[in-house]
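Enquirer: I'm passing along query_21.cif; it holds mmCIF, C-alpha atoms and all ligand atoms.
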data_coords
#
loop_
_atom_site.label_atom_id
_atom_site.label_comp_id
_atom_site.auth_asym_id
_atom_site.auth_seq_id
_atom_site.Cartn_x
_atom_site.Cartn_y
_atom_site.Cartn_z
CA MET A 1 96.84 133.55 64.45
CA ARG A 2 97.39 136.93 62.85
CA GLY A 3 94.26 138.23 61.21
CA PHE A 4 91.99 137.31 64.14
CA LYS A 5 90.03 140.39 65.11
CA LEU A 6 90.26 139.97 68.86
CA LYS A 7 93.70 140.63 70.34
CA MET A 8 95.26 137.81 72.31
CA HIS A 9 95.17 139.63 75.64
CA TRP A 10 91.44 140.16 75.27
CA LYS A 11 90.92 136.48 74.53
CA ILE A 12 92.93 135.55 77.63
CA LEU A 13 91.04 138.08 79.73
CA ILE A 14 87.69 136.74 78.55
CA GLY A 15 88.89 133.19 79.31
CA MET A 16 89.85 134.29 82.81
CA ILE A 17 86.57 136.04 83.54
CA LEU A 18 84.47 133.16 82.21
CA GLY A 19 86.59 130.75 84.26
CA LEU A 20 86.01 132.83 87.39
CA LEU A 21 82.27 132.97 86.80
CA PHE A 22 82.06 129.27 86.00
CA GLY A 23 84.07 128.44 89.13
CA LEU A 24 81.75 130.59 91.26
CA LEU A 25 78.69 128.93 89.74
CA MET A 26 80.05 125.43 90.34
CA LYS A 27 81.04 126.35 93.88
CA SER A 28 77.58 127.66 94.63
CA ILE A 29 75.95 124.43 93.45
CA GLU A 30 78.62 122.39 95.25
CA GLN A 31 80.15 120.86 92.15
CA LYS A 32 83.77 121.33 93.16
CA GLY A 33 84.63 117.75 92.15
CA LEU A 34 83.46 118.36 88.61
CA ILE A 35 85.94 121.21 88.19
CA ILE A 36 88.82 119.32 89.82
CA ASP A 37 88.24 116.17 87.74
CA TRP A 38 87.16 117.57 84.40
CA ILE A 39 88.27 121.19 84.06
CA LYS A 40 91.48 121.63 86.06
CA PRO A 41 93.41 119.00 84.01
CA PHE A 42 93.16 121.27 80.95
CA GLY A 43 94.83 124.05 82.94
CA ILE A 44 97.60 121.67 84.00
CA ILE A 45 98.08 120.50 80.41
CA PHE A 46 98.38 124.12 79.26
CA ILE A 47 101.00 124.94 81.91
CA ASN A 48 102.89 121.77 81.08
CA LEU A 49 102.96 122.70 77.39
CA LEU A 50 104.52 126.04 78.26
CA LYS A 51 107.02 124.47 80.65
CA MET A 52 107.85 121.82 78.07
CA ILE A 53 109.01 124.48 75.65
CA ALA A 54 110.86 126.64 78.22
CA VAL A 55 114.19 124.76 78.40
CA PRO A 56 114.59 124.22 74.62
CA LEU A 57 113.65 127.85 74.08
CA ILE A 58 116.21 129.18 76.55
CA LEU A 59 118.96 126.98 75.17
CA VAL A 60 118.35 127.66 71.51
CA SER A 61 117.47 131.34 71.68
CA LEU A 62 120.39 132.14 73.96
CA ILE A 63 122.88 130.36 71.70
CA ASN A 64 121.37 132.23 68.77
CA GLY A 65 121.48 135.57 70.49
CA LEU A 66 125.07 135.15 71.61
CA ALA A 67 126.22 133.98 68.19
CA ASP A 68 124.74 137.22 66.82
CA LEU A 69 126.73 139.31 69.29
CA LYS A 70 129.87 138.44 67.36
CA ASP A 71 132.20 139.64 70.09
CA ILE A 72 132.60 138.79 73.76
CA SER A 73 133.03 142.34 75.06
CA LYS A 74 129.40 142.98 74.05
CA LEU A 75 128.35 140.08 76.25
CA SER A 76 130.05 141.50 79.31
CA LYS A 77 128.45 144.90 78.67
CA LEU A 78 125.04 143.25 78.32
CA GLY A 79 125.61 141.12 81.42
CA GLY A 80 126.84 144.00 83.58
CA ARG A 81 123.91 146.26 82.74
CA THR A 82 121.35 143.51 83.15
CA ILE A 83 122.59 142.39 86.54
CA SER A 84 122.91 145.91 87.95
CA LEU A 85 119.40 146.78 86.81
CA TYR A 86 118.01 143.56 88.25
CA LEU A 87 119.64 144.22 91.60
CA SER A 88 118.49 147.85 91.69
CA THR A 89 114.86 147.06 90.91
CA THR A 90 114.86 144.32 93.54
CA VAL A 91 116.18 146.67 96.23
CA ILE A 92 113.62 149.32 95.21
CA ALA A 93 110.86 146.69 95.53
CA VAL A 94 111.93 145.52 99.00
CA THR A 95 112.24 149.10 100.19
CA ILE A 96 108.72 149.95 98.96
CA GLY A 97 107.44 146.82 100.70
CA LEU A 98 109.08 147.73 104.00
CA ILE A 99 107.90 151.34 103.94
CA LEU A 100 104.30 150.33 103.20
CA ALA A 101 104.28 147.60 105.86
CA ASN A 102 105.57 150.04 108.48
CA VAL A 103 103.23 152.87 107.53
CA ILE A 104 100.06 150.79 107.10
CA ASN A 105 100.85 148.40 109.95
CA PRO A 106 98.68 145.54 108.58
CA GLY A 107 99.49 143.34 111.60
CA SER A 108 97.41 145.60 113.86
CA PHE A 109 94.27 144.80 111.84
CA ILE A 110 94.20 141.13 112.75
CA ASN A 111 92.45 140.27 116.02
CA GLU A 112 93.47 137.65 118.57
CA ALA A 113 90.76 135.16 117.54
CA SER A 114 91.56 135.22 113.81
CA ARG A 115 95.26 135.00 114.57
CA GLU A 116 94.81 131.89 116.68
CA SER A 117 92.48 130.22 114.18
CA LEU A 118 94.80 130.92 111.24
CA LEU A 119 97.83 129.66 113.16
CA GLN A 120 95.95 126.51 114.04
CA ASN A 121 94.24 125.81 110.71
CA PHE A 122 97.28 126.31 108.52
CA ALA A 123 99.96 124.94 110.86
CA SER A 124 100.51 121.76 108.87
CA ASP A 125 100.61 123.57 105.48
CA ALA A 126 103.18 125.95 106.93
CA ALA A 127 105.19 123.06 108.36
CA GLN A 128 105.48 121.56 104.87
CA LYS A 129 106.97 124.76 103.43
CA ILE A 130 109.30 125.09 106.42
CA GLU A 131 110.48 121.54 105.79
CA ILE A 132 111.25 122.30 102.11
CA ALA A 133 113.07 125.48 103.11
CA SER A 134 115.16 123.66 105.72
CA GLN A 135 116.86 121.72 102.94
CA THR A 136 118.11 125.01 101.47
CA LYS A 137 119.02 126.47 104.85
CA ASN A 138 121.55 123.78 105.69
CA ASN A 139 123.66 124.62 102.64
CA GLY A 140 126.95 126.54 102.81
CA PRO A 141 127.17 130.19 101.70
CA LEU A 142 128.68 129.37 98.30
CA GLN A 143 126.14 126.69 97.45
CA PRO A 144 124.22 128.96 95.04
CA LEU A 145 127.43 129.40 93.06
CA ILE A 146 128.06 125.66 92.96
CA ASP A 147 124.46 125.15 91.84
CA ILE A 148 124.99 127.23 88.71
CA VAL A 149 127.53 124.80 87.28
CA PRO A 150 126.02 121.50 86.14
CA SER A 151 128.04 118.33 86.43
CA ASN A 152 125.91 116.84 83.69
CA VAL A 153 124.22 119.14 81.22
CA PHE A 154 121.64 116.59 80.10
CA HIS A 155 120.61 116.18 83.68
CA ALA A 156 120.26 119.96 84.01
CA MET A 157 118.06 120.06 80.94
CA THR A 158 115.64 117.56 82.40
CA ASP A 159 114.85 119.78 85.35
CA ASN A 160 113.05 123.10 84.98
CA ALA A 161 114.48 124.15 88.33
CA SER A 162 118.00 124.09 86.85
CA MET A 163 117.47 126.94 84.40
CA LEU A 164 120.58 128.79 85.52
CA GLN A 165 122.65 125.72 84.64
CA VAL A 166 121.11 125.61 81.18
CA ILE A 167 121.78 129.33 80.80
CA LEU A 168 125.44 128.83 81.72
CA PHE A 169 125.80 125.99 79.24
CA ALA A 170 124.19 128.04 76.47
CA ILE A 171 126.47 131.01 77.25
CA LEU A 172 129.52 128.75 76.97
CA ILE A 173 128.36 127.34 73.62
CA GLY A 174 127.68 130.91 72.43
CA ILE A 175 131.16 132.04 73.49
CA GLY A 176 132.61 128.98 71.75
CA LEU A 177 130.76 129.89 68.56
CA ILE A 178 131.99 133.48 68.65
CA SER A 179 135.55 132.30 69.27
CA ILE A 180 135.97 129.77 66.44
CA LYS A 181 136.41 130.54 62.76
CA ARG A 182 133.26 131.94 61.17
CA LYS A 183 133.30 129.32 58.47
CA GLN A 184 133.22 126.55 61.06
CA ALA A 185 130.58 128.26 63.18
CA LYS A 186 128.24 128.96 60.27
CA PRO A 187 126.49 125.58 59.94
CA VAL A 188 125.98 125.33 63.70
CA VAL A 189 124.52 128.83 63.88
CA LYS A 190 122.30 128.06 60.91
CA PHE A 191 121.00 124.95 62.64
CA PHE A 192 120.15 126.82 65.83
CA LYS A 193 118.49 129.63 63.85
CA GLY A 194 116.22 127.11 62.13
CA LEU A 195 115.44 125.38 65.40
CA ASN A 196 114.63 128.71 67.00
CA GLU A 197 112.04 129.41 64.31
CA VAL A 198 110.46 125.99 64.91
CA ILE A 199 110.24 126.61 68.65
CA LEU A 200 108.68 130.04 68.14
CA LYS A 201 106.08 128.48 65.86
CA MET A 202 105.35 125.87 68.52
CA ILE A 203 104.72 128.66 71.03
CA ASP A 204 102.24 130.23 68.61
CA PHE A 205 100.39 126.93 68.48
CA ILE A 206 100.42 126.50 72.26
CA MET A 207 99.08 130.03 72.68
CA LEU A 208 96.02 129.11 70.63
CA ALA A 209 95.00 127.11 73.70
CA ALA A 210 95.67 129.99 76.13
CA PRO A 211 92.04 131.15 76.58
CA ILE A 212 90.95 127.58 77.41
CA GLY A 213 93.97 127.02 79.64
CA VAL A 214 93.35 130.13 81.71
CA PHE A 215 89.62 129.39 81.87
CA ALA A 216 90.45 126.04 83.49
CA LEU A 217 93.05 127.53 85.83
CA MET A 218 90.76 130.28 87.09
CA ALA A 219 87.79 127.94 87.56
CA ALA A 220 90.00 125.60 89.61
CA LEU A 221 91.39 128.49 91.64
CA ILE A 222 87.94 129.69 92.66
CA VAL A 223 86.80 126.33 93.97
CA GLU A 224 90.09 125.70 95.77
CA ILE A 225 90.75 128.94 97.68
CA PRO A 226 89.44 129.20 101.25
CA ASP A 227 86.15 130.97 102.00
CA PHE A 228 86.00 134.72 102.16
CA THR A 229 85.44 134.71 105.92
CA THR A 230 88.92 133.21 106.40
CA LEU A 231 90.41 135.73 104.02
CA GLN A 232 88.73 138.76 105.60
CA ALA A 233 91.19 138.92 108.49
CA LEU A 234 94.03 139.16 105.98
CA LEU A 235 92.47 141.85 103.84
CA VAL A 236 94.66 144.77 104.97
CA TYR A 237 97.80 142.65 104.63
CA ALA A 238 96.76 141.59 101.11
CA LEU A 239 95.92 145.16 100.14
CA THR A 240 99.33 146.32 101.39
CA VAL A 241 101.08 143.77 99.15
CA VAL A 242 98.85 144.64 96.19
CA LEU A 243 99.43 148.38 96.69
CA GLY A 244 103.20 147.83 96.66
CA LEU A 245 103.00 145.62 93.59
CA GLY A 246 100.80 148.22 91.89
CA LEU A 247 103.41 150.93 92.59
CA MET A 248 106.11 148.77 91.02
CA MET A 249 104.02 147.89 88.01
CA PHE A 250 102.42 151.23 87.25
CA ILE A 251 104.90 153.79 88.61
CA VAL A 252 108.43 152.38 88.96
CA TYR A 253 108.77 150.38 85.71
CA PRO A 254 107.01 152.88 83.42
CA THR A 255 109.11 155.71 84.91
CA LEU A 256 112.36 153.79 84.42
CA LEU A 257 111.39 152.75 80.91
CA TYR A 258 110.40 156.24 79.90
CA SER A 259 113.46 157.87 81.46
CA PHE A 260 116.03 155.44 80.09
CA ALA A 261 114.46 154.07 76.91
CA LYS A 262 111.81 156.66 75.97
CA VAL A 263 109.20 153.90 75.82
CA LYS A 264 105.73 155.23 76.61
CA PRO A 265 103.72 153.25 79.21
CA LYS A 266 100.90 152.54 76.75
CA ARG A 267 103.26 150.95 74.26
CA PHE A 268 104.89 148.91 77.01
CA PHE A 269 101.67 147.55 78.51
CA ASN A 270 100.12 146.88 75.10
CA ALA A 271 103.17 144.88 74.16
CA ILE A 272 103.40 142.70 77.24
CA ALA A 273 99.74 142.31 78.24
CA PRO A 274 99.50 138.63 77.12
CA ALA A 275 102.55 137.74 79.22
CA GLN A 276 101.21 139.61 82.25
CA LEU A 277 97.84 137.89 82.06
CA LEU A 278 99.46 134.52 81.65
CA ALA A 279 101.79 135.14 84.59
CA PHE A 280 98.74 136.05 86.65
CA SER A 281 96.85 132.89 85.65
CA THR A 282 99.75 130.43 85.95
CA SER A 283 101.66 131.91 88.94
CA SER A 284 104.87 130.85 87.24
CA SER A 285 107.43 133.11 85.57
CA ALA A 286 109.09 130.03 84.09
CA ALA A 287 105.91 128.81 82.43
CA THR A 288 105.28 132.35 81.14
CA LEU A 289 108.81 132.78 79.77
CA PRO A 290 108.12 131.62 76.20
CA VAL A 291 105.31 134.16 75.88
CA THR A 292 107.31 136.94 77.59
CA MET A 293 110.08 136.37 75.04
CA GLU A 294 107.71 136.66 72.12
CA CYS A 295 105.90 139.72 73.48
CA VAL A 296 109.12 141.56 74.19
CA THR A 297 110.76 140.82 70.85
CA GLU A 298 107.77 141.00 68.55
CA ASN A 299 105.66 143.66 70.23
CA LEU A 300 108.09 145.83 72.18
CA GLY A 301 110.88 145.67 69.60
CA VAL A 302 113.68 144.34 71.81
CA ASP A 303 116.31 142.63 69.69
CA ASP A 304 116.40 138.83 69.94
CA GLU A 305 119.99 138.78 71.13
CA VAL A 306 119.13 140.98 74.11
CA ALA A 307 115.83 139.31 75.00
CA SER A 308 117.28 135.82 74.81
CA PHE A 309 119.88 136.73 77.41
CA VAL A 310 118.00 139.13 79.69
CA LEU A 311 114.66 137.32 80.01
CA PRO A 312 115.67 133.74 80.94
CA LEU A 313 118.08 135.19 83.46
CA GLY A 314 115.37 137.49 84.80
CA ALA A 315 112.79 134.71 85.07
CA THR A 316 115.20 132.86 87.32
CA VAL A 317 116.81 135.60 89.40
CA ASN A 318 114.82 138.83 89.10
CA MET A 319 111.70 138.63 91.20
CA ASP A 320 110.79 142.11 92.33
CA GLY A 321 107.20 141.17 93.14
CA THR A 322 108.39 138.25 95.24
CA SER A 323 110.93 140.33 97.16
CA LEU A 324 108.34 143.04 97.89
CA TYR A 325 105.88 140.43 99.09
CA GLN A 326 108.51 138.80 101.30
CA ALA A 327 109.29 142.13 102.96
CA VAL A 328 105.63 142.93 103.65
CA ALA A 329 104.89 139.37 104.80
CA ALA A 330 107.85 139.29 107.21
CA VAL A 331 106.89 142.60 108.82
CA PHE A 332 103.20 141.62 108.92
CA ILE A 333 103.93 138.33 110.68
CA ALA A 334 106.19 140.12 113.17
CA GLN A 335 103.51 142.75 113.86
CA ALA A 336 100.77 140.15 114.24
CA MET A 337 102.90 138.17 116.67
CA GLY A 338 103.87 141.23 118.69
CA ILE A 339 107.54 141.19 117.70
CA HIS A 340 109.27 144.54 117.35
CA LEU A 341 111.66 144.85 114.42
CA ASP A 342 114.25 147.58 114.90
CA LEU A 343 115.98 149.41 112.05
CA SER A 344 118.86 146.95 111.81
CA ALA A 345 116.42 144.01 111.63
CA GLN A 346 114.56 145.81 108.84
CA LEU A 347 117.77 146.52 106.93
CA MET A 348 118.62 142.87 107.29
CA ILE A 349 115.26 142.10 105.65
CA VAL A 350 116.32 144.24 102.64
CA LEU A 351 119.32 141.99 102.22
CA THR A 352 117.69 138.63 102.94
CA ALA A 353 114.52 139.32 100.93
CA SER A 354 116.65 140.42 97.94
CA LEU A 355 118.71 137.24 98.15
CA ALA A 356 115.69 135.05 98.88
CA SER A 357 113.87 136.36 95.82
CA ILE A 358 116.92 135.62 93.67
CA GLY A 359 116.92 132.11 95.09
CA SER A 360 113.18 131.54 94.60
CA ALA A 361 112.31 129.19 91.77
CA ALA A 362 110.02 130.60 89.09
CA VAL A 363 107.13 128.33 90.07
CA PRO A 364 103.96 128.76 92.15
CA SER A 365 104.46 129.52 95.85
CA ALA A 366 108.27 129.36 95.68
CA GLY A 367 108.44 132.84 97.20
CA MET A 368 106.67 131.55 100.28
CA VAL A 369 109.20 128.77 100.79
CA MET A 370 112.06 131.27 100.63
CA LEU A 371 110.18 133.56 103.01
CA VAL A 372 110.96 131.00 105.72
CA ILE A 373 114.62 131.98 105.41
CA VAL A 374 113.83 135.69 105.67
CA LEU A 375 111.79 135.01 108.81
CA GLY A 376 114.55 132.89 110.34
CA GLN A 377 117.20 135.60 109.78
CA ALA A 378 114.99 138.29 111.28
CA GLY A 379 114.20 136.20 114.37
CA ILE A 380 110.50 135.88 113.50
CA PRO A 381 108.96 132.48 114.34
CA GLU A 382 108.66 130.44 111.15
CA ALA A 383 105.37 129.00 112.31
CA GLY A 384 103.97 132.49 111.60
CA LEU A 385 103.86 131.43 107.96
CA ALA A 386 100.52 129.81 108.81
CA LEU A 387 99.07 133.33 109.20
CA ILE A 388 99.46 134.22 105.53
CA PHE A 389 98.89 130.82 103.98
CA ALA A 390 95.22 131.25 103.14
CA ILE A 391 95.76 134.29 100.93
CA ASP A 392 99.02 133.24 99.33
CA ARG A 393 97.73 131.99 95.99
CA PRO A 394 96.03 135.22 94.87
CA LEU A 395 99.09 137.19 96.00
CA ASP A 396 101.33 134.76 94.14
CA MET A 397 99.39 135.51 90.97
CA CYS A 398 99.87 139.25 91.43
CA ARG A 399 103.56 139.04 92.32
CA THR A 400 104.29 136.76 89.37
CA ALA A 401 102.71 139.34 87.03
CA VAL A 402 105.04 141.96 88.55
CA ASN A 403 108.06 139.65 88.24
CA VAL A 404 107.39 139.22 84.53
CA THR A 405 106.75 142.96 84.06
CA GLY A 406 110.08 143.74 85.75
CA ASP A 407 112.01 141.40 83.47
CA SER A 408 110.35 142.88 80.41
CA ALA A 409 111.05 146.46 81.51
CA VAL A 410 114.73 145.69 82.12
CA SER A 411 115.02 144.03 78.73
CA GLY A 412 113.70 147.23 77.12
CA ILE A 413 116.10 149.46 79.05
CA VAL A 414 119.14 147.26 78.36
CA ALA A 415 118.22 146.96 74.68
CA SER A 416 117.82 150.71 74.31
CA SER A 417 121.15 151.35 76.07
CA ILE A 418 123.01 149.40 73.40
CA GLY A 419 120.92 150.56 70.46
CA LYS A 420 118.97 147.31 70.16
CA LEU A 421 115.46 148.57 70.80
CA HIS A 422 113.62 148.84 67.53
CA THR A 423 110.38 150.58 66.86
CA LYS A 424 107.44 148.27 67.08
CA LYS A 425 107.71 145.45 64.56
CA SER A 426 104.24 143.95 64.57
CA ASN A 427 101.67 143.04 67.10
CA LEU A 428 102.10 139.39 67.83
CA PHE A 429 99.07 137.33 68.79
CA ASP A 430 96.77 139.91 67.18
N1 LIG A 501 105.41 132.34 91.51
C1 LIG A 501 106.47 133.30 91.45
C2 LIG A 501 107.09 133.30 90.06
O1 LIG A 501 107.05 132.30 89.37
C3 LIG A 501 107.52 133.05 92.49
C4 LIG A 501 106.91 133.30 93.85
O2 LIG A 501 106.36 132.37 94.43
O3 LIG A 501 106.94 134.43 94.32
O4 LIG A 501 107.61 134.29 89.64
#
With the file now loaded, output its structure as structure tokens.
Expert:
Amino acid sequence: MRGFKLKMHWKILIGMILGLLFGLLMKSIEQKGLIIDWIKPFGIIFINLLKMIAVPLILVSLINGLADLKDISKLSKLGGRTISLYLSTTVIAVTIGLILANVINPGSFINEASRESLLQNFASDAAQKIEIASQTKNNGPLQPLIDIVPSNVFHAMTDNASMLQVILFAILIGIGLISIKRKQAKPVVKFFKGLNEVILKMIDFIMLAAPIGVFALMAALIVEIPDFTTLQALLVYALTVVLGLGLMMFIVYPTLLYSFAKVKPKRFFNAIAPAQLLAFSTSSSAATLPVTMECVTENLGVDDEVASFVLPLGATVNMDGTSLYQAVAAVFIAQAMGIHLDLSAQLMIVLTASLASIGSAAVPSAGMVMLVIVLGQAGIPEAGLALIFAIDRPLDMCRTAVNVTGDSAVSGIVASSIGKLHTKKSNLFD
């Protein structure tokens, strides 16, 4: 792959633009079926390839990284810093979302007629999400803790939604490796090091198909999203979310990275552009994880042992874009339905949206399912979800890009804080 003139992010961007144009063309000549039957499957295959590699990558790279730490106190330092940064960025994101939603008041821009038609047209789609969320809602308060510990690790590894369980298992193996005699640990570590190299090579191969994959995904997206007339009523709401996400991506993360790790914005964005574009096209932080790992280690210079711990954890629990979106969406639905949210209700949203984003799976539209819980806690009718359904996919793409950017930024800050941020090694995917 190295030696190609065009950088990977340009190839992906060109794939996306061509996909958009092709989708528009096919839509205009009413050939939607052609895209769904013959183009979209290539997008699905590409996402599946990435998801296929995600669990082995997390397991192997985390074991590798931990074995390199050589002592457990380093792990607790790494863990403590990572979790506090993840929590802080999530709270910043929800707060930005709430401030923007209150200042802009997007709910006042939707008229009675559009509100009724949206509520009616998307009632059954919303009901489906509410149904999925109700399964989570009936759980006890400590259920998330129980869910982290697998009763059968092979079972956990067969389910991409059980990433935290795989992470826990890998951490335990890593701790075991650090704790036994070096001589005994050596062959095991060597095996995982070799396997890690193989997996990284596989990701390189999969990424060769990225431009075609994103072409197919974008073409399918264009023919599947509702018409612009439906979306028009939601324009101010969508712009509010995008503005908030833009502030996170272009102001908050670069400022944090520069202040704590002296990483210039240009270097940061150059390094992670392929991961951001892929997150945007796939709407899944989990599917993007293999590429995020490579961008952050190879291009940004974050040490493997930091990236392999911080990023899989972040893909599963740190979703700043999702939490910001949930805050704006909750307030928007309340405004559109004429429900007043007082200060205590809004503070409650800070808490529930932070928790809901942690609980959201790293897959398309998961944030919307967890939004049901935020609405329920704030006393906003869950059926209001129908109002935002039509525009959710494009917003999902944007918030996933922010989620991945947040994870990458935190990995840079944590790495720098323990002296594990190197100057740029090479530019991967060039
Ligand atoms: N699609 C998002 C992600 O994978 C989650 C969400 O729906 O907000 O990060």
Enquirer: Please produce, as CSV, a per-residue contact table for chain A versus ligand LIG 501 (chain A) (criterion: any atom at most 10 Å away, only C-alpha atoms and all ligand atoms considered), showing the nearest atom pair and its distance in Å to one decimal, sorted by chain then residue number.
Expert:
residue,atom,partner,partner_atom,distance
A:Ala279,CA,A:LIG501,O1,7.7
A:Phe280,CA,A:LIG501,N1,9.0
A:Thr282,CA,A:LIG501,N1,8.2
A:Ser283,CA,A:LIG501,N1,4.6
A:Ser284,CA,A:LIG501,O1,3.4
A:Ser285,CA,A:LIG501,O1,3.9
A:Ala286,CA,A:LIG501,O1,6.1
A:Ala287,CA,A:LIG501,O1,7.9
A:Thr288,CA,A:LIG501,O1,8.4
A:Leu289,CA,A:LIG501,O1,9.8
A:Gly314,CA,A:LIG501,O4,9.7
A:Ala315,CA,A:LIG501,O4,6.9
A:Thr316,CA,A:LIG501,O4,8.1
A:Val317,CA,A:LIG501,O4,9.3
A:Asn318,CA,A:LIG501,O4,8.5
A:Met319,CA,A:LIG501,O4,6.2
A:Asp320,CA,A:LIG501,O3,8.8
A:Gly321,CA,A:LIG501,O3,6.8
A:Thr322,CA,A:LIG501,O3,4.2
A:Ser323,CA,A:LIG501,O3,7.7
A:Leu324,CA,A:LIG501,O3,9.4
A:Tyr325,CA,A:LIG501,O3,7.7
A:Gln326,CA,A:LIG501,O3,8.4
A:Ala356,CA,A:LIG501,O3,9.9
A:Ser357,CA,A:LIG501,O3,7.3
A:Ile358,CA,A:LIG501,C3,9.8
A:Gly359,CA,A:LIG501,C3,9.8
A:Ser360,CA,A:LIG501,C3,6.2
A:Ala361,CA,A:LIG501,C3,6.2
A:Ala362,CA,A:LIG501,O1,3.4
A:Val363,CA,A:LIG501,O1,4.0
A:Pro364,CA,A:LIG501,N1,3.9
A:Ser365,CA,A:LIG501,O2,3.7
A:Ala366,CA,A:LIG501,O2,3.8
A:Gly367,CA,A:LIG501,O2,3.5
A:Met368,CA,A:LIG501,O2,5.9
A:Val369,CA,A:LIG501,O2,7.8
A:Met370,CA,A:LIG501,O2,8.5
A:Leu371,CA,A:LIG501,O3,9.3
A:Asp392,CA,A:LIG501,O2,8.9
A:Arg393,CA,A:LIG501,O2,8.8
A:Leu395,CA,A:LIG501,O3,8.5
A:Asp396,CA,A:LIG501,N1,5.4
A:Met397,CA,A:LIG501,N1,6.8
A:Cys398,CA,A:LIG501,N1,8.9
A:Arg399,CA,A:LIG501,O3,6.1
A:Thr400,CA,A:LIG501,O4,4.1
A:Ala401,CA,A:LIG501,O4,7.5
A:Val402,CA,A:LIG501,O4,8.2
A:Asn403,CA,A:LIG501,O4,5.6
A:Val404,CA,A:LIG501,O4,7.1
Enquirer: Counting only C-alpha atoms, what is within 12 Å of Gly176 (chain A), bar same-chain residues fewer than 6 positions away, as a ChimeraX atom specification?
Expert: /A:63,66-67,70-72,169-170,182,184-185,188-189
Enquirer: Considering only C-alpha atoms, can you say which of A:Gly338, A:Gly406, A:Pro211, A:Gly419 comes closest to Gly301 (chain A)?
Expert: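 Of the candidates, the smallest distance to Gly301 (chain A) is held by A:Gly419.
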Enquirer: Give the padded box for region 218-228 of chain A as lines of an AutoDock Vina configuration file: axis-aligned, covering all atoms listed in the file, 6 Å on each side, centre and edge lengths in Å to one decimal.
Expert:
center_x = 88.7
center_y = 130.2
center_z = 94.6
size_x = 17.4
size_y = 21.1
size_z = 27.1
Enquirer: By how many Å are CA of Ile132 (chain A) and CA of Ile333 (chain A) apart?
Expert: 19.6 Å
Enquirer: Of the candidates A:Asn299, A:Ser281, A:Ser61, A:Thr95, which one gets nearest to Ile222 (chain A) if we count only C-alpha atoms?
Expert: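 With only C-alpha atoms as the atom set, the closest residue is A:Ser281.
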Enquirer: Tell me which protein, DNA and RNA residues are within 12 Å of Glu112 (chain A), counting only C-alpha atoms, leaving out same-chain ones fewer than 4 positions away, and put them as a ChimeraX atom specification.
Expert: /A:107-108,116-119,233,336-338,387
Enquirer: What separation in Å, quoted to one decimal, exists between CA of Leu247 (chain A) and CA of Leu231 (chain A)?
Expert: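 Value for the CA of Leu247 (chain A)-CA of Leu231 (chain A) distance: 23.0 Å.
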Enquirer: Kindly indicate which residue among A:Phe154, A:Asp303, A:Met293, A:Leu100 lies nearest to Asp68 (chain A), using all atoms listed in the file for the distances.
Expert: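 Answer, going by the shortest atom-to-atom distance: A:Asp303.
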Enquirer: Hey, can you check how far CA of Val153 (chain A) sits from CA of Ser179 (chain A)?
Expert: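 These two atoms are separated by 21.1 Å.
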Enquirer: With all atoms listed in the file as the counted atoms, please give the residues lying no more than 9 Å from Asp125 (chain A), apart from itself and same-chain residues fewer than 6 positions off, as a list in words.
Expert: Leu385, Ala386 and Phe389 of chain A
Enquirer: Determine the nearest neighbour of Val328 (chain A) from the options A:Gly384, A:Gly97, A:Gly79, A:Gly19, counting all atoms listed in the file.
Expert: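 Comparing A:Gly384, A:Gly97, A:Gly79, A:Gly19 against Val328 (chain A), the winner is A:Gly97.
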Enquirer: When you count only C-alpha atoms, which of these residues is closest to Pro254 (chain A): A:Leu57, A:Leu277, A:Phe269, A:Pro290?
Expert: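 So, comparing all the options, the nearest one is A:Phe269.
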Enquirer: Considering only C-alpha atoms, can you say which of A:Leu343, A:Ile14, A:Ile47, A:Leu164 comes closest to Pro144 (chain A)?
Expert: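 Ranked by minimum distance to Pro144 (chain A), first place goes to A:Leu164.
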Enquirer: Residues near region 410-416 of chain A, anyone? I mean within 6 Å using all atoms listed in the file, not counting same-chain ones fewer than 3 positions away, as a ChimeraX atom specification.
Expert: /A:261,302,310,407,419-421
Enquirer: Once N, CA, C and O atoms are restored for region 252-256 of chain A, what would the output be as a JSON list (two decimals), keeping the file's coordinate frame?
Expert:
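Below you can see out_18.json, which holds the result:
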[["chain", "number", "residue", "atom", "x", "y", "z"],
["A", 252, "VAL", "N", 106.97, 152.55, 89.04],
["A", 252, "VAL", "CA", 108.43, 152.38, 88.96],
["A", 252, "VAL", "C", 108.87, 151.95, 87.55],
["A", 252, "VAL", "O", 109.69, 152.63, 86.92],
["A", 253, "TYR", "N", 108.31, 150.86, 87.03],
["A", 253, "TYR", "CA", 108.77, 150.38, 85.71],
["A", 253, "TYR", "C", 108.48, 151.39, 84.58],
["A", 253, "TYR", "O", 109.37, 151.69, 83.79],
["A", 254, "PRO", "N", 107.24, 151.92, 84.51],
["A", 254, "PRO", "CA", 107.01, 152.88, 83.42],
["A", 254, "PRO", "C", 107.95, 154.08, 83.52],
["A", 254, "PRO", "O", 108.43, 154.58, 82.51],
["A", 255, "THR", "N", 108.22, 154.55, 84.76],
["A", 255, "THR", "CA", 109.11, 155.71, 84.91],
["A", 255, "THR", "C", 110.51, 155.36, 84.42],
["A", 255, "THR", "O", 111.14, 156.11, 83.67],
["A", 256, "LEU", "N", 111.02, 154.20, 84.84],
["A", 256, "LEU", "CA", 112.36, 153.79, 84.42],
["A", 256, "LEU", "C", 112.42, 153.65, 82.89],
["A", 256, "LEU", "O", 113.34, 154.13, 82.25]]
